[in-house]
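Reproduced below: data-v5.pdb, with PDB, C-alpha atoms (C1' of nucleotides).
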ATOM      1  CA  MET A   1    -107.971  21.874 -23.202
ATOM      2  CA  GLU A   2    -107.404  21.768 -19.516
ATOM      3  CA  LEU A   3    -105.469  19.691 -17.031
ATOM      4  CA  PRO A   4    -107.610  16.507 -17.243
ATOM      5  CA  GLU A   5    -107.330  16.414 -21.030
ATOM      6  CA  VAL A   6    -103.576  17.059 -20.966
ATOM      7  CA  GLU A   7    -103.136  14.371 -18.328
ATOM      8  CA  THR A   8    -105.130  11.941 -20.471
ATOM      9  CA  ILE A   9    -102.969  12.680 -23.486
ATOM     10  CA  VAL A  10     -99.852  11.977 -21.422
ATOM     11  CA  ARG A  11    -101.304   8.694 -20.178
ATOM     12  CA  THR A  12    -102.323   7.512 -23.628
ATOM     13  CA  LEU A  13     -99.196   8.685 -25.404
ATOM     14  CA  ALA A  14     -96.660   7.297 -22.930
ATOM     15  CA  PRO A  15     -97.276   3.572 -23.548
ATOM     16  CA  ARG A  16     -97.008   4.163 -27.293
ATOM     17  CA  ALA A  17     -93.884   6.280 -27.226
ATOM     18  CA  VAL A  18     -91.746   5.670 -24.160
ATOM     19  CA  GLY A  19     -88.781   3.443 -24.945
ATOM     20  CA  ARG A  20     -89.033   4.144 -28.658
ATOM     21  CA  ARG A  21     -86.141   5.553 -30.649
ATOM     22  CA  ILE A  22     -86.661   8.868 -32.434
ATOM     23  CA  GLU A  23     -85.640   8.216 -36.035
ATOM     24  CA  SER A  24     -86.262  11.756 -37.225
ATOM     25  CA  VAL A  25     -87.783  15.076 -36.303
ATOM     26  CA  SER A  26     -89.778  17.223 -38.743
ATOM     27  CA  VAL A  27     -90.933  20.748 -38.012
ATOM     28  CA  PHE A  28     -93.453  22.074 -40.510
ATOM     29  CA  ARG A  29     -94.211  25.384 -38.846
ATOM     30  CA  ARG A  30     -91.108  27.077 -37.568
ATOM     31  CA  ASP A  31     -92.826  29.643 -35.354
ATOM     32  CA  LEU A  32     -94.391  26.846 -33.326
ATOM     33  CA  LEU A  33     -91.037  26.773 -31.562
ATOM     34  CA  LYS A  34     -90.244  29.439 -28.970
ATOM     35  CA  LEU A  35     -86.664  29.995 -27.778
ATOM     36  CA  ALA A  36     -85.580  27.069 -29.925
ATOM     37  CA  THR A  37     -84.956  26.220 -33.564
ATOM     38  CA  PRO A  38     -85.963  23.165 -35.573
ATOM     39  CA  GLU A  39     -82.256  22.432 -35.975
ATOM     40  CA  ALA A  40     -81.721  22.395 -32.228
ATOM     41  CA  VAL A  41     -84.688  20.093 -31.660
ATOM     42  CA  ARG A  42     -83.459  17.767 -34.367
ATOM     43  CA  LYS A  43     -79.969  17.696 -32.927
ATOM     44  CA  ALA A  44     -81.260  17.113 -29.392
ATOM     45  CA  PHE A  45     -83.783  14.425 -30.288
ATOM     46  CA  ALA A  46     -82.869  12.550 -33.463
ATOM     47  CA  GLY A  47     -81.287   9.227 -32.543
ATOM     48  CA  SER A  48     -82.303   9.427 -28.869
ATOM     49  CA  CYS A  49     -84.935   7.320 -27.163
ATOM     50  CA  ILE A  50     -87.987   8.677 -25.404
ATOM     51  CA  ALA A  51     -87.319   8.171 -21.704
ATOM     52  CA  GLY A  52     -90.587   9.517 -20.346
ATOM     53  CA  ILE A  53     -93.605  11.722 -20.906
ATOM     54  CA  ARG A  54     -95.024  13.861 -18.125
ATOM     55  CA  ARG A  55     -97.260  16.805 -17.412
ATOM     56  CA  ARG A  56     -96.775  20.078 -15.546
ATOM     57  CA  ALA A  57     -99.802  22.382 -15.513
ATOM     58  CA  LYS A  58    -101.147  22.267 -19.094
ATOM     59  CA  PHE A  59     -97.722  21.488 -20.575
ATOM     60  CA  ILE A  60     -96.564  18.113 -21.847
ATOM     61  CA  LEU A  61     -92.889  17.262 -21.383
ATOM     62  CA  ILE A  62     -91.300  14.662 -23.614
ATOM     63  CA  ASP A  63     -87.981  13.578 -22.132
ATOM     64  CA  ALA A  64     -85.383  12.023 -24.403
ATOM     65  CA  ASP A  65     -82.506  10.002 -23.024
ATOM     66  CA  GLY A  66     -79.932  12.356 -24.510
ATOM     67  CA  GLY A  67     -80.720  14.790 -21.736
ATOM     68  CA  PHE A  68     -83.152  17.047 -23.585
ATOM     69  CA  THR A  69     -86.870  17.651 -23.152
ATOM     70  CA  LEU A  70     -89.442  18.907 -25.610
ATOM     71  CA  ILE A  71     -92.069  21.035 -23.883
ATOM     72  CA  VAL A  72     -95.418  21.267 -25.675
ATOM     73  CA  HIS A  73     -98.475  23.402 -24.969
ATOM     74  CA  LEU A  74    -101.593  22.503 -26.928
ATOM     75  CA  ALA A  75    -103.681  25.554 -25.983
ATOM     76  CA  MET A  76    -107.182  25.376 -27.479
ATOM     77  CA  GLY A  77    -107.802  22.562 -29.874
ATOM     78  CA  GLY A  78    -104.249  21.327 -30.296
ATOM     79  CA  LYS A  79    -103.660  17.594 -30.519
ATOM     80  CA  LEU A  80    -100.733  15.322 -29.788
ATOM     81  CA  LEU A  81    -101.344  12.057 -31.563
ATOM     82  CA  SER A  82     -99.745   8.671 -31.975
ATOM     83  CA  VAL A  83    -100.374   7.715 -35.601
ATOM     84  CA  PRO A  84     -98.952   5.089 -37.955
ATOM     85  CA  THR A  85     -95.925   6.439 -39.787
ATOM     86  CA  GLY A  86     -97.477   5.847 -43.180
ATOM     87  CA  ALA A  87    -100.697   7.710 -42.444
ATOM     88  CA  PRO A  88    -101.271  10.843 -44.521
ATOM     89  CA  ARG A  89    -100.271  14.018 -42.745
ATOM     90  CA  GLU A  90    -103.360  15.828 -41.653
ATOM     91  CA  GLU A  91    -103.605  19.543 -42.289
ATOM     92  CA  HIS A  92    -102.065  21.793 -39.615
ATOM     93  CA  THR A  93     -99.567  19.160 -38.542
ATOM     94  CA  HIS A  94     -96.744  21.287 -37.173
ATOM     95  CA  LEU A  95     -94.308  18.765 -35.740
ATOM     96  CA  THR A  96     -93.624  15.077 -36.191
ATOM     97  CA  LEU A  97     -91.355  12.722 -34.274
ATOM     98  CA  ARG A  98     -90.892   9.586 -36.343
ATOM     99  CA  LEU A  99     -90.358   6.691 -33.969
ATOM    100  CA  ASP A 100     -89.195   3.167 -34.540
ATOM    101  CA  GLY A 101     -91.919   0.563 -34.207
ATOM    102  CA  GLY A 102     -94.084   2.146 -36.900
ATOM    103  CA  CYS A 103     -95.679   5.146 -35.219
ATOM    104  CA  ASP A 104     -95.181   8.911 -35.236
ATOM    105  CA  VAL A 105     -95.916  11.430 -32.556
ATOM    106  CA  ARG A 106     -97.598  14.324 -34.348
ATOM    107  CA  MET A 107     -98.653  17.692 -33.064
ATOM    108  CA  VAL A 108    -101.662  19.065 -34.929
ATOM    109  CA  ASP A 109    -102.966  22.524 -34.124
ATOM    110  CA  VAL A 110    -105.550  24.107 -36.380
ATOM    111  CA  ARG A 111    -105.626  27.429 -34.575
ATOM    112  CA  HIS A 112    -101.860  27.873 -34.233
ATOM    113  CA  PHE A 113    -102.256  28.863 -30.586
ATOM    114  CA  GLY A 114    -100.041  26.069 -29.311
ATOM    115  CA  LYS A 115     -96.301  26.302 -28.799
ATOM    116  CA  ALA A 116     -93.278  24.200 -28.027
ATOM    117  CA  SER A 117     -89.745  24.627 -26.793
ATOM    118  CA  LEU A 118     -86.632  22.711 -25.893
ATOM    119  CA  ALA A 119     -84.863  22.479 -22.549
ATOM    120  CA  ARG A 120     -82.247  20.414 -20.830
ATOM    121  CA  THR A 121     -84.183  17.769 -18.941
ATOM    122  CA  ASP A 122     -82.642  18.703 -15.598
ATOM    123  CA  GLU A 123     -83.715  22.328 -16.114
ATOM    124  CA  ALA A 124     -87.002  21.751 -17.875
ATOM    125  CA  LEU A 125     -89.199  22.909 -15.012
ATOM    126  CA  THR A 126     -87.348  26.208 -14.835
ATOM    127  CA  HIS A 127     -87.916  26.944 -18.510
ATOM    128  CA  PRO A 128     -89.442  30.409 -19.080
ATOM    129  CA  PHE A 129     -92.723  28.679 -19.995
ATOM    130  CA  PHE A 130     -93.060  27.902 -16.278
ATOM    131  CA  ALA A 131     -92.084  31.329 -14.991
ATOM    132  CA  ARG A 132     -95.642  32.219 -14.015
ATOM    133  CA  ILE A 133     -97.170  28.816 -13.378
ATOM    134  CA  GLY A 134     -98.646  28.107  -9.985
ATOM    135  CA  VAL A 135     -99.281  25.098  -7.828
ATOM    136  CA  GLU A 136    -100.672  21.745  -9.011
ATOM    137  CA  TYR A 137    -104.134  20.847  -7.747
ATOM    138  CA  ASP A 138    -102.815  17.635  -6.152
ATOM    139  CA  ASP A 139     -99.591  19.031  -4.717
ATOM    140  CA  ALA A 140     -99.042  18.711  -0.978
ATOM    141  CA  GLU A 141     -98.408  22.462  -0.919
ATOM    142  CA  PHE A 142    -101.907  23.125  -2.209
ATOM    143  CA  THR A 143    -103.789  23.278   1.073
ATOM    144  CA  PRO A 144    -106.947  25.134   2.126
ATOM    145  CA  ASP A 145    -104.749  27.737   3.797
ATOM    146  CA  ALA A 146    -102.592  28.117   0.713
ATOM    147  CA  LEU A 147    -105.704  28.709  -1.372
ATOM    148  CA  HIS A 148    -107.011  31.202   1.155
ATOM    149  CA  MET A 149    -103.725  33.115   0.893
ATOM    150  CA  LEU A 150    -103.800  33.059  -2.889
ATOM    151  CA  LEU A 151    -107.344  34.425  -2.863
ATOM    152  CA  ALA A 152    -106.261  37.170  -0.479
ATOM    153  CA  GLY A 153    -103.634  38.211  -3.007
ATOM    154  CA  HIS A 154    -106.321  39.180  -5.550
ATOM    155  CA  PRO A 155    -108.934  40.848  -3.372
ATOM    156  CA  LYS A 156    -111.020  42.484  -6.077
ATOM    157  CA  LEU A 157    -110.700  39.873  -8.803
ATOM    158  CA  ALA A 158    -113.765  37.750  -9.579
ATOM    159  CA  VAL A 159    -113.164  34.223  -8.341
ATOM    160  CA  LYS A 160    -113.863  32.787 -11.823
ATOM    161  CA  GLN A 161    -111.053  34.901 -13.242
ATOM    162  CA  PHE A 162    -108.793  33.827 -10.399
ATOM    163  CA  LEU A 163    -109.390  30.163 -11.231
ATOM    164  CA  LEU A 164    -108.333  30.811 -14.828
ATOM    165  CA  ASP A 165    -105.090  32.489 -13.760
ATOM    166  CA  GLN A 166    -102.395  29.843 -14.176
ATOM    167  CA  ALA A 167    -100.100  31.735 -11.814
ATOM    168  CA  GLY A 168    -102.366  30.804  -8.907
ATOM    169  CA  ILE A 169    -103.541  27.227  -9.330
ATOM    170  CA  SER A 170    -102.378  25.734 -12.617
ATOM    171  CA  GLY A 171    -104.479  23.536 -14.844
ATOM    172  CA  ILE A 172    -108.007  24.882 -14.516
ATOM    173  CA  GLY A 173    -109.564  26.266 -17.693
ATOM    174  CA  ASN A 174    -112.918  27.591 -18.775
ATOM    175  CA  ILE A 175    -114.944  24.396 -18.430
ATOM    176  CA  TYR A 176    -113.741  23.302 -15.030
ATOM    177  CA  ALA A 177    -113.800  26.836 -13.599
ATOM    178  CA  SER A 178    -117.575  26.916 -14.108
ATOM    179  CA  GLU A 179    -118.010  23.345 -12.894
ATOM    180  CA  VAL A 180    -115.933  23.907  -9.762
ATOM    181  CA  LEU A 181    -117.837  27.046  -8.773
ATOM    182  CA  TYR A 182    -121.171  25.337  -9.331
ATOM    183  CA  ARG A 183    -120.252  22.440  -7.109
ATOM    184  CA  ALA A 184    -118.897  24.794  -4.455
ATOM    185  CA  GLY A 185    -122.050  26.934  -4.568
ATOM    186  CA  ILE A 186    -119.997  30.071  -5.179
ATOM    187  CA  SER A 187    -121.059  32.819  -7.578
ATOM    188  CA  PRO A 188    -118.423  33.324 -10.293
ATOM    189  CA  ALA A 189    -118.504  37.097  -9.845
ATOM    190  CA  LYS A 190    -117.650  37.010  -6.164
ATOM    191  CA  PRO A 191    -114.486  38.961  -5.328
ATOM    192  CA  CYS A 192    -111.739  36.696  -4.029
ATOM    193  CA  ALA A 193    -111.470  38.668  -0.807
ATOM    194  CA  SER A 194    -115.073  37.839   0.077
ATOM    195  CA  LEU A 195    -114.242  34.142   0.363
ATOM    196  CA  THR A 196    -113.671  33.375   4.015
ATOM    197  CA  ARG A 197    -111.438  30.574   5.195
ATOM    198  CA  PRO A 198    -114.328  28.018   5.319
ATOM    199  CA  TRP A 199    -115.284  28.881   1.754
ATOM    200  CA  ALA A 200    -111.666  28.584   0.671
ATOM    201  CA  ALA A 201    -111.517  25.164   2.304
ATOM    202  CA  LEU A 202    -114.668  24.074   0.482
ATOM    203  CA  LEU A 203    -113.383  25.423  -2.821
ATOM    204  CA  HIS A 204    -110.080  23.642  -2.281
ATOM    205  CA  GLY A 205    -111.789  20.286  -1.832
ATOM    206  CA  VAL A 206    -114.052  20.821  -4.808
ATOM    207  CA  ILE A 207    -111.155  21.706  -7.114
ATOM    208  CA  ARG A 208    -109.457  18.454  -6.230
ATOM    209  CA  GLU A 209    -112.643  16.449  -6.673
ATOM    210  CA  VAL A 210    -113.695  17.946  -9.984
ATOM    211  CA  LEU A 211    -110.281  17.619 -11.610
ATOM    212  CA  SER A 212    -109.769  14.042 -10.396
ATOM    213  CA  GLU A 213    -113.196  12.988 -11.568
ATOM    214  CA  ALA A 214    -112.571  14.525 -14.976
ATOM    215  CA  ILE A 215    -109.269  12.652 -15.215
ATOM    216  CA  CYS A 216    -111.056   9.412 -14.284
ATOM    217  CA  ASN A 217    -113.453  10.118 -17.153
ATOM    218  CA  ARG A 218    -110.499  10.810 -19.502
ATOM    219  CA  GLY A 219    -111.375  14.460 -20.013
ATOM    220  CA  THR A 220    -114.185  16.364 -21.681
ATOM    221  CA  SER A 221    -114.893  16.234 -25.425
ATOM    222  CA  ILE A 222    -117.327  18.895 -26.543
ATOM    223  CA  ARG A 223    -115.904  19.783 -29.870
ATOM    224  CA  ASP A 224    -112.427  18.585 -30.904
ATOM    225  CA  TYR A 225    -110.628  17.125 -27.960
ATOM    226  CA  VAL A 226    -109.176  13.634 -28.409
ATOM    227  CA  ASP A 227    -106.438  11.779 -26.549
ATOM    228  CA  ALA A 228    -103.228  10.546 -28.181
ATOM    229  CA  THR A 229    -105.060   7.571 -29.684
ATOM    230  CA  GLY A 230    -107.813   9.692 -31.212
ATOM    231  CA  ARG A 231    -110.368   8.687 -28.598
ATOM    232  CA  GLY A 232    -112.706  11.287 -27.105
ATOM    233  CA  GLY A 233    -113.192  11.879 -23.411
ATOM    234  CA  GLY A 234    -116.145  10.774 -21.314
ATOM    235  CA  HIS A 235    -116.683  13.651 -18.912
ATOM    236  CA  GLN A 236    -118.980  15.787 -21.062
ATOM    237  CA  SER A 237    -122.075  13.996 -19.775
ATOM    238  CA  ALA A 238    -120.989  14.759 -16.208
ATOM    239  CA  LEU A 239    -120.927  18.530 -16.772
ATOM    240  CA  LYS A 240    -123.532  20.291 -14.668
ATOM    241  CA  VAL A 241    -123.476  23.837 -16.060
ATOM    242  CA  TYR A 242    -120.830  24.370 -18.752
ATOM    243  CA  GLY A 243    -122.471  24.810 -22.136
ATOM    244  CA  ARG A 244    -125.917  24.377 -20.601
ATOM    245  CA  GLU A 245    -127.353  27.882 -20.825
ATOM    246  CA  GLY A 246    -131.127  27.730 -20.430
ATOM    247  CA  GLU A 247    -131.179  24.133 -19.253
ATOM    248  CA  PRO A 248    -132.519  23.446 -15.770
ATOM    249  CA  CYS A 249    -130.105  23.460 -12.865
ATOM    250  CA  PRO A 250    -129.731  19.837 -11.721
ATOM    251  CA  ALA A 251    -130.342  20.953  -8.132
ATOM    252  CA  CYS A 252    -133.073  23.601  -8.239
ATOM    253  CA  GLY A 253    -134.470  23.377 -11.765
ATOM    254  CA  ARG A 254    -134.044  27.054 -12.553
ATOM    255  CA  PRO A 255    -132.342  27.881 -15.848
ATOM    256  CA  ILE A 256    -128.564  27.953 -16.073
ATOM    257  CA  VAL A 257    -127.323  31.422 -16.994
ATOM    258  CA  ARG A 258    -124.429  32.381 -19.244
ATOM    259  CA  ILE A 259    -122.431  35.528 -18.590
ATOM    260  CA  VAL A 260    -119.166  36.834 -20.016
ATOM    261  CA  GLN A 261    -116.161  37.505 -17.809
ATOM    262  CA  GLY A 262    -112.863  38.555 -19.338
ATOM    263  CA  GLN A 263    -114.247  37.687 -22.779
ATOM    264  CA  ARG A 264    -114.887  34.086 -21.724
ATOM    265  CA  SER A 265    -118.259  32.473 -21.144
ATOM    266  CA  THR A 266    -119.184  31.535 -17.602
ATOM    267  CA  PHE A 267    -122.129  29.262 -16.823
ATOM    268  CA  PHE A 268    -123.782  29.177 -13.420
ATOM    269  CA  CYS A 269    -126.976  28.882 -11.424
ATOM    270  CA  PRO A 270    -127.829  32.244  -9.803
ATOM    271  CA  ARG A 271    -129.968  30.503  -7.204
ATOM    272  CA  CYS A 272    -127.563  27.768  -6.102
ATOM    273  CA  GLN A 273    -124.428  29.891  -6.360
ATOM    274  CA  ARG A 274    -124.000  32.856  -4.060
TER     275      ARG A 274
ATOM    276  C1'  DT B   1    -106.632  44.190 -14.167
ATOM    277  C1'  DA B   2    -109.382  45.147 -18.387
ATOM    278  C1'  DG B   3    -109.188  44.614 -23.362
ATOM    279  C1'  DA B   4    -107.584  43.496 -27.968
ATOM    280  C1'  DG B   5    -105.302  40.197 -30.459
ATOM    281  C1'  DC B   6    -103.609  35.929 -32.135
ATOM    282  C1'  DC B   7    -105.744  31.832 -35.812
ATOM    283  C1'  DT B   8    -109.061  28.554 -38.146
ATOM    284  C1'  DG B   9    -113.421  26.439 -38.469
ATOM    285  C1'  DC B  10    -118.150  25.375 -37.201
ATOM    286  C1'  DG B  11    -122.977  26.183 -36.601
ATOM    287  C1'  DG B  12    -126.928  29.378 -36.549
TER     288       DG B  12
ATOM    289  C1'  DC C   1    -122.870  37.144 -42.323
ATOM    290  C1'  DC C   2    -122.263  36.660 -37.143
ATOM    291  C1'  DG C   3    -120.929  34.599 -32.748
ATOM    292  C1'  DC C   4    -118.479  31.247 -30.622
ATOM    293  C1'  DA C   5    -114.595  27.908 -29.300
ATOM    294  C1'  DG C   6    -110.924  23.227 -23.589
ATOM    295  C1'  DG C   7    -105.632  29.602 -23.952
ATOM    296  C1'  DC C   8    -102.511  32.819 -23.364
ATOM    297  C1'  DT C   9     -99.765  37.322 -24.301
ATOM    298  C1'  DC C  10     -99.119  41.934 -24.694
ATOM    299  C1'  DT C  11    -100.727  46.556 -24.218
ATOM    300  C1'  DA C  12    -102.744  50.696 -22.019
TER     301       DA C  12
END
In structure tokens, how does this file's structure come out?
Amino acid sequence: MELPEVETIVRTLAPRAVGRRIESVSVFRRDLLKLATPEAVRKAFAGSCIAGIRRRAKFILIDADGGFTLIVHLAMGGKLLSVPTGAPREEHTHLTLRLDGGCDVRMVDVRHFGKASLARTDEALTHPFFARIGVEYDDAEFTPDALHMLLAGHPKLAVKQFLLDQAGISGIGNIYASEVLYRAGISPAKPCASLTRPWAALLHGVIREVLSEAICNRGTSIRDYVDATGRGGGHQSALKVYGREGEPCPACGRPIVRIVQGQRSTFFCPRCQR
DNA sequence: TAGAGCCTGCGG
DNA sequence: CCGCAGGCTCTA
């Protein structure tokens, strides 16, 4: 899941969890936690109230009023759900926060690619998880010039691969990388250095547009993704190229092509994207 | 800066 | 059986 899905989870989880008291913490898969133990999470969270839930890059931060923050990364296919406390525990549930008011926050992750850690709230954004995380798409620092500079720092790298690198711009994943490049009319294989300042400015605007539109549509559900209430996203019907190999390009009608870059699928229109 | 690897599950 | 999946980490 990518930034729009993570943002949607934050927005749907917050009204169900913020202000609630954490009655208990259960960790069912110990190695979910990095640089933290289940005992430490329990000690930091049990008895506290959830003060806020926020997002940084693809991470979800759950702030408790005792001064500690749980940092969660859902990777591919992970879920963070608000479910009634009495509901049966679904398979691959790795962590549960039992809240007052009758609901749990549960992290479910079939593929075990997700992770979580604990930080002091005032230091949460300097946690090692964020050591190589770049700028937010909507940050004031993310300007056309800033993007142009970032591109210049990876001259030979294919621009698709650059978009996936969280150390540059954070939050873009495999779906939106293809969608962004299609809308910008840029071939995914283009080396970053070949993007002149006007192209960087165009790409900058398109990144902001595509991610905000996907957030407005509450993310993309192709396979498993659901928000904290179990509801799917609405953006899948707005995708122009991702997952559409062989289908006609919405602009020129020629077939969308799938290639592999860095072991990930890329979808694009060879005619509209140069 | 490429590539293998980490896991489980689905669909062809 | 095979390929594929909204991600990231470590290695050569």
Computed gap from atom CA of A:Phe129 to atom CA of A:Ala64 is 18.7 Å
Checklist line | Selection result for the PyMOL selection byres ((chain A) within 10 of (chain C)) on this file, as number ranges by chain | finding: A: 1-6, 58, 73-78, 113-114, 164-166, 172-176, 219-225, 264-265
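The result of the PyMOL selection byres ((chain B) within 9 of (chain A)) on the shown file is DT1, DA2, DG3, DC6, DC7, DT8 and DG9 of chain B.
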_Under the PyMOL selection byres ((chain A and resi 119) around 9), which residues of this model are included? Write them out as a ChimeraX atom specification._
/A:36,67-71,117-118,120-127
Could you work out an axis-aligned bounding box for all listed atoms of chain C, with 5 Å added on each of the six sides, and give its centre and edge lengths in Å to one decimal, as AutoDock Vina command-line options?
--center_x -111.0 --center_y 37.0 --center_z -32.2 --size_x 33.8 --size_y 37.5 --size_z 30.3
Shortest contact to A:Cys249, candidates A:Arg16, A:Arg183, A:Arg197, A:Arg218, atoms counted all atoms listed in the file, goes to A:Arg183
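Atom to atom, atom CA of A:Cys272 and atom CA of A:Cys252 stand 7.2 Å apart.
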Students should find that atom CA of A:Lys160 and atom CA of A:Pro250 are spaced 20.5 Å
Can you complete the atoms of stretch 243-262 of chain A to N, CA and C atoms and list them as a compact mmCIF listing (two decimals), in the coordinates of the input?
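The resulting file, part-v4.txt, is shown below:
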# COMPACT_ATOMS: atom_id res chain seq x y z
N GLY A 243 -121.80 25.02 -20.86
CA GLY A 243 -122.47 24.81 -22.14
C GLY A 243 -123.96 24.54 -22.02
N ARG A 244 -124.52 24.74 -20.82
CA ARG A 244 -125.92 24.38 -20.60
C ARG A 244 -126.81 25.58 -20.35
N GLU A 245 -126.51 26.69 -20.97
CA GLU A 245 -127.35 27.88 -20.82
C GLU A 245 -128.81 27.54 -21.13
N GLY A 246 -129.69 27.94 -20.21
CA GLY A 246 -131.13 27.73 -20.43
C GLY A 246 -131.64 26.39 -19.95
N GLU A 247 -130.74 25.44 -19.76
CA GLU A 247 -131.18 24.13 -19.25
C GLU A 247 -131.42 24.23 -17.74
N PRO A 248 -132.23 23.36 -17.19
CA PRO A 248 -132.52 23.45 -15.77
C PRO A 248 -131.32 23.06 -14.91
N CYS A 249 -131.13 23.81 -13.86
CA CYS A 249 -130.10 23.46 -12.86
C CYS A 249 -130.44 22.09 -12.29
N PRO A 250 -129.47 21.19 -12.23
CA PRO A 250 -129.73 19.84 -11.72
C PRO A 250 -130.23 19.85 -10.28
N ALA A 251 -129.93 20.91 -9.54
CA ALA A 251 -130.34 20.95 -8.13
C ALA A 251 -131.69 21.64 -7.94
N CYS A 252 -131.87 22.82 -8.55
CA CYS A 252 -133.07 23.60 -8.24
C CYS A 252 -134.02 23.73 -9.42
N GLY A 253 -133.58 23.36 -10.61
CA GLY A 253 -134.47 23.38 -11.76
C GLY A 253 -134.58 24.72 -12.47
N ARG A 254 -134.00 25.75 -11.87
CA ARG A 254 -134.04 27.05 -12.55
C ARG A 254 -133.02 27.08 -13.68
N PRO A 255 -133.24 27.92 -14.69
CA PRO A 255 -132.34 27.88 -15.85
C PRO A 255 -130.90 28.30 -15.53
N ILE A 256 -129.97 27.58 -16.14
CA ILE A 256 -128.56 27.95 -16.07
C ILE A 256 -128.37 29.22 -16.89
N VAL A 257 -127.56 30.13 -16.37
CA VAL A 257 -127.32 31.42 -16.99
C VAL A 257 -125.90 31.47 -17.55
N ARG A 258 -125.77 32.14 -18.69
CA ARG A 258 -124.43 32.38 -19.24
C ARG A 258 -124.10 33.87 -19.12
N ILE A 259 -122.93 34.16 -18.60
CA ILE A 259 -122.43 35.53 -18.59
C ILE A 259 -121.05 35.53 -19.22
N VAL A 260 -120.51 36.72 -19.47
CA VAL A 260 -119.17 36.83 -20.02
C VAL A 260 -118.27 37.54 -19.01
N GLN A 261 -117.16 36.91 -18.71
CA GLN A 261 -116.16 37.51 -17.81
C GLN A 261 -114.81 37.43 -18.50
N GLY A 262 -114.16 38.57 -18.67
CA GLY A 262 -112.86 38.56 -19.34
C GLY A 262 -112.95 37.92 -20.71
